[in-house]
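Here the structure comes first, spelled out in structure tokens, and everything after it is commentary.
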Amino acid sequence: MRLSSLRLLLSGCALLAFAMPVAAQEAPAPERPPLSAEPPPEGAPAIIVEPDEATNSGPVTLPVEPPTAPPIPEVWAPAPFAADGQSAYGLYLSGRVASLRGEQETGAELLARSQALTPEQPRVGGEAFLASLFSGDLDDVVRLTPFVSDTPLFAGAGRLAKVVQALRDGDGATALALIRGEPFVDPYGPVSTYLLPAVAAAGGDWDTALRPVEVPISQTGGLALRDQRAQLLEARRRFEEAEAEYRTLLAVPDGARLFRVHYGAFLERQGRRDEALAVYGASLSGDAPDPRALAARHRIRTGGRPPAAPTLRQIASDALAFAAMETSQVDIHELSAIYLQFAAALHPDDTITLRLAESLDEAHYDASARAAFARVGTANPIVYASAQLGLGVSLAKEERHEEALQAHIRADAAAPDQAVVSRLLAGQYFRLGRFEEALAVLNRPTVNTADQSVEVRYDRGRTLERLGRIEEAEAELWAALQMAPDNPVLLNHLGYLWVDSGRRVEQGAEMIARAFAADPRNATVQDSLGWAQYRRGQYETAVETLEEAVAKQPADAEINDHLGDAYWQVGRTREAGWQWSRVLTLEPEPERRAEVEQKLSRGLPTPPVTGSQP
């Protein structure tokens, strides 16, 4: 399958079929901003329900911490040991460790076994329930629901799990009775609304299932319900009504972006392959190409059979995935992950697994996210490449750079000649100091194009600089700056290059000052400002500036080195020596280490001569 026809656009690191539009990035971002590597806190993360526009109520924070546990008795009778000799406490600790390692299924199983031995301990029940939610173990979630009934957020998730479990097991009548039993309170109200048509159909109530949608199409919920109604109408062989619903959807930009592929599949099943091919082509244009359309177009061109009509379980899975999309847009990523686990229980799919990994990553469940990224298969090359990119970014965040590189190489092999994939691969080579290989990737004909992005030019410029090809680096960075003249990253980088090399000290200092005015909290930019002052002989001022930079980023070897130089020039030689000694404890690069050791031995020579050569 040729992939070069698809311009891969990623939000963060993965192109998602249901991704909402994101603003174009204005500033070069050599590295993805690191997420917290801290493990999630004990218990469940707090979930804030956004205000209800209809009622104008304020935000509501639902408690998620299990009730206070009763004290553990001095003598436990009978002793809480499993038949195989494992203690409840040992199972609990092992479950926690497994969950933190990303082994969600193992962690959930161990915590559930611990809870079975100590049902009177609410914290164990709450943690076992939460672990089961995140692992997607519906049966354990349902079993543990009675133990968390006092926590509204958990109880609602448990009720929803029962609905999904009944659907999964083919018991539509029970699922319908459960969803109608009592209203679902927020945050589960929207997802229960989206699920109702498919659940009603599974329960035999087709009147409810096919009821016309009353939610305005201007609202995202109206879009999801109309897509679902179109699929249910097709299931009842009411094809003209189904097509009318699809055409209503495609008349709205968001409806076309989200559900055009569903319409294409409908056309294929109607034998209208040429029309379907045109629909898939439209899905691959614009700013949000849909990877499912690429596979569908390939299927038609190679004479493949049309896809089967979606099952009721698949339609319900899509409803859950849509709800997950909405919650992720308001940064409730934990809830999004739960919905996606439920969706996968009804219809396993690599796109759902990819989105689950993204949600877990955004929620800082890093190990679990990596495990999910690794589970994505190769059936759809673009989805697989997106997952490998996500895995690589997560591994790099843990400073597992060689493993990250291999993940990026796999992404590049799956989606060759894609500019976004190539740029991230080059960035990983750069982190490993393999600058020639990074430059080779950035110079590929599919990357080094007339319309290449400012980010690519920036990456090529800094790579050329590391290779000592200063004039070429200067040209690339200058070209990038013409594309984004107020970008503080570019102003700082090129300005520092000119100041440090002595090529254009005055002009470089002016550019750094502009960068600092735009981003005064950035320690790296403040270091550049202080170094520009140093190179212009303003040593006292440089000391003050660099002291503030070190205070902002005390573990940076270069900033500490610069401050030592400034101390020396104002006669504070003992402090200069202390600062240089500190540099050696911060794992500097070999060249800097050698320079600092020489300064510790001999001090600094005569102050440098400044200049502003053209």
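Residues in the structure tokens are named by chain (A, B, ... in the order shown) and by number from 1 within that chain; ligands are numbered from 1 in the order shown.
Around stretch 444-454 of chain A, within 7 Å and counting only C-alpha atoms, the residues found are Pro28, Asp417, Ala419, Ala480 and Met483 of chain A, once anything fewer than 6 positions away on its own chain is removed.
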May I have the residues within 12 Å of stretch 495-504 of chain A as an mmCIF file with C-alpha atoms, in the first residue's frame, using only C-alpha atoms and disregarding those fewer than 4 positions away in the same chain?
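Final file, selection.cif:
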data_model
loop_
_atom_site.group_PDB
_atom_site.id
_atom_site.type_symbol
_atom_site.label_atom_id
_atom_site.label_comp_id
_atom_site.auth_asym_id
_atom_site.auth_seq_id
_atom_site.Cartn_x
_atom_site.Cartn_y
_atom_site.Cartn_z
ATOM 1 C CA GLY A 461 19.769 24.519 11.625
ATOM 2 C CA ARG A 462 20.557 23.256 15.106
ATOM 3 C CA LEU A 464 24.142 21.711 11.259
ATOM 4 C CA GLU A 465 25.386 23.808 14.168
ATOM 5 C CA ARG A 466 26.274 20.662 16.132
ATOM 6 C CA GLY A 468 30.233 22.604 13.040
ATOM 7 C CA ARG A 469 28.734 23.759 9.740
ATOM 8 C CA ILE A 470 28.028 27.201 11.150
ATOM 9 C CA GLU A 471 27.354 29.165 7.968
ATOM 10 C CA ALA A 473 23.238 26.504 10.245
ATOM 11 C CA GLU A 474 22.998 30.286 10.243
ATOM 12 C CA ALA A 475 21.251 30.235 6.864
ATOM 13 C CA LEU A 477 17.949 29.457 11.259
ATOM 14 C CA TRP A 478 17.660 32.791 9.461
ATOM 15 C CA LEU A 481 13.159 33.276 11.566
ATOM 16 C CA ASN A 487 9.338 33.372 17.798
ATOM 17 C CA PRO A 488 11.367 33.463 21.049
ATOM 18 C CA VAL A 489 12.952 30.035 20.429
ATOM 19 C CA LEU A 490 14.330 31.127 17.082
ATOM 20 C CA LEU A 491 15.343 34.591 18.302
ATOM 21 C CA GLY A 508 22.478 38.786 18.398
ATOM 22 C CA ALA A 509 22.174 40.546 21.755
ATOM 23 C CA GLU A 510 19.231 42.552 20.462
ATOM 24 C CA MET A 511 17.498 39.371 19.288
ATOM 25 C CA ILE A 512 18.055 37.682 22.650
ATOM 26 C CA ALA A 513 16.621 40.714 24.431
ATOM 27 C CA ARG A 514 13.484 40.371 22.298
ATOM 28 C CA ALA A 515 13.273 36.681 23.138
ATOM 29 C CA PHE A 516 13.599 37.420 26.855
ATOM 30 C CA THR A 524 17.637 29.162 28.912
ATOM 31 C CA VAL A 525 16.730 32.503 27.342
ATOM 32 C CA GLN A 526 17.885 34.351 30.472
ATOM 33 C CA ASP A 527 21.186 32.487 30.271
ATOM 34 C CA SER A 528 21.574 33.708 26.682
ATOM 35 C CA LEU A 529 20.823 37.254 27.858
ATOM 36 C CA GLY A 530 23.463 37.027 30.552
ATOM 37 C CA TRP A 531 26.000 35.576 28.128
ATOM 38 C CA ALA A 532 25.338 38.397 25.656
ATOM 39 C CA GLN A 533 26.011 40.882 28.464
ATOM 40 C CA TYR A 534 29.201 38.983 29.299
ATOM 41 C CA ARG A 535 30.436 39.020 25.705
ATOM 42 C CA ARG A 536 29.849 42.776 25.588
ATOM 43 C CA HIS A 562 28.569 30.828 32.402
ATOM 44 C CA PRO A 608 37.522 38.189 25.314
ATOM 45 C CA VAL A 609 37.442 40.825 22.638
ATOM 46 C CA THR A 610 33.880 41.576 21.561
ATOM 47 C CA GLY A 611 32.804 42.586 18.123
ATOM 48 C CA SER A 612 29.888 42.942 15.778
ATOM 49 C CA GLN A 613 31.289 41.868 12.461
ATOM 50 C CA PRO A 614 28.782 41.658 9.629
#
Considering only C-alpha atoms, return as a PyMOL selection string whatever protein or nucleic-acid residues lie within 8 Å of stretch 180-195 of chain A, sequence-local ones (same chain, fewer than 4 positions apart) excluded.
-> chain A and resi 49+156-157+160+176+199+221+224-225+316+319-320+323
Keeping only C-alpha atoms, take the residues you just selected and write them out as a compact mmCIF listing (two decimals), in the first residue's frame.
# COMPACT_ATOMS: atom_id res chain seq x y z
CA VAL A 49 -17.60 18.03 36.00
CA GLY A 156 -22.02 5.34 38.36
CA ALA A 157 -19.09 3.71 36.57
CA LEU A 160 -22.34 1.69 33.25
CA LEU A 176 -31.93 -1.81 28.34
CA VAL A 199 -29.02 -0.57 23.67
CA GLY A 221 -24.03 15.08 20.70
CA ALA A 224 -23.10 11.31 17.26
CA LEU A 225 -26.78 10.43 17.62
CA ALA A 316 -22.47 0.98 21.01
CA ALA A 319 -20.92 5.71 21.12
CA LEU A 320 -18.52 5.06 24.01
CA ALA A 323 -18.03 10.04 24.72
Compile the contact shell of stretch 86-95 of chain A as a tab-separated table (two decimals) with C-alpha atoms, in the first residue's frame: residues with an atom at most 8 Å away, counting only C-alpha atoms, same-chain residues fewer than 4 positions apart removed.
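File produced: result_7.tsv:
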chain	number	residue	atom	x	y	z
A	80	PRO	CA	-6.34	-13.31	55.39
A	81	PHE	CA	-4.31	-15.79	53.34
A	82	ALA	CA	-5.31	-17.25	49.99
A	99	SER	CA	-0.20	-1.34	38.16
A	106	THR	CA	-2.04	-8.31	36.48
A	107	GLY	CA	-2.41	-5.44	38.94
A	108	ALA	CA	-6.19	-5.54	38.74
A	109	GLU	CA	-6.25	-9.30	39.28
A	110	LEU	CA	-3.98	-9.13	42.35
A	111	LEU	CA	-5.92	-6.25	43.90
A	113	ARG	CA	-7.83	-11.17	45.02
A	114	SER	CA	-6.70	-9.03	47.96
A	115	GLN	CA	-10.15	-7.47	48.17
A	117	LEU	CA	-9.79	-11.75	51.28
A	118	THR	CA	-10.52	-8.43	53.02
A	124	VAL	CA	-8.76	-2.14	49.08
Just the alpha helix (DSSP H) stuff from stretch 179-302 of chain A, please, per backbone DSSP, written as a PyMOL selection string.
-> chain A and resi 179-181+189-202+206-209+220-235+239-250+253-269+273-283+291-301
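Nearest-residue note for A:Glu268: choosing from A:Ala308, A:Ala242, A:Ala198, A:Val252, the minimum distance belongs to A:Ala308, counting only C-alpha atoms.
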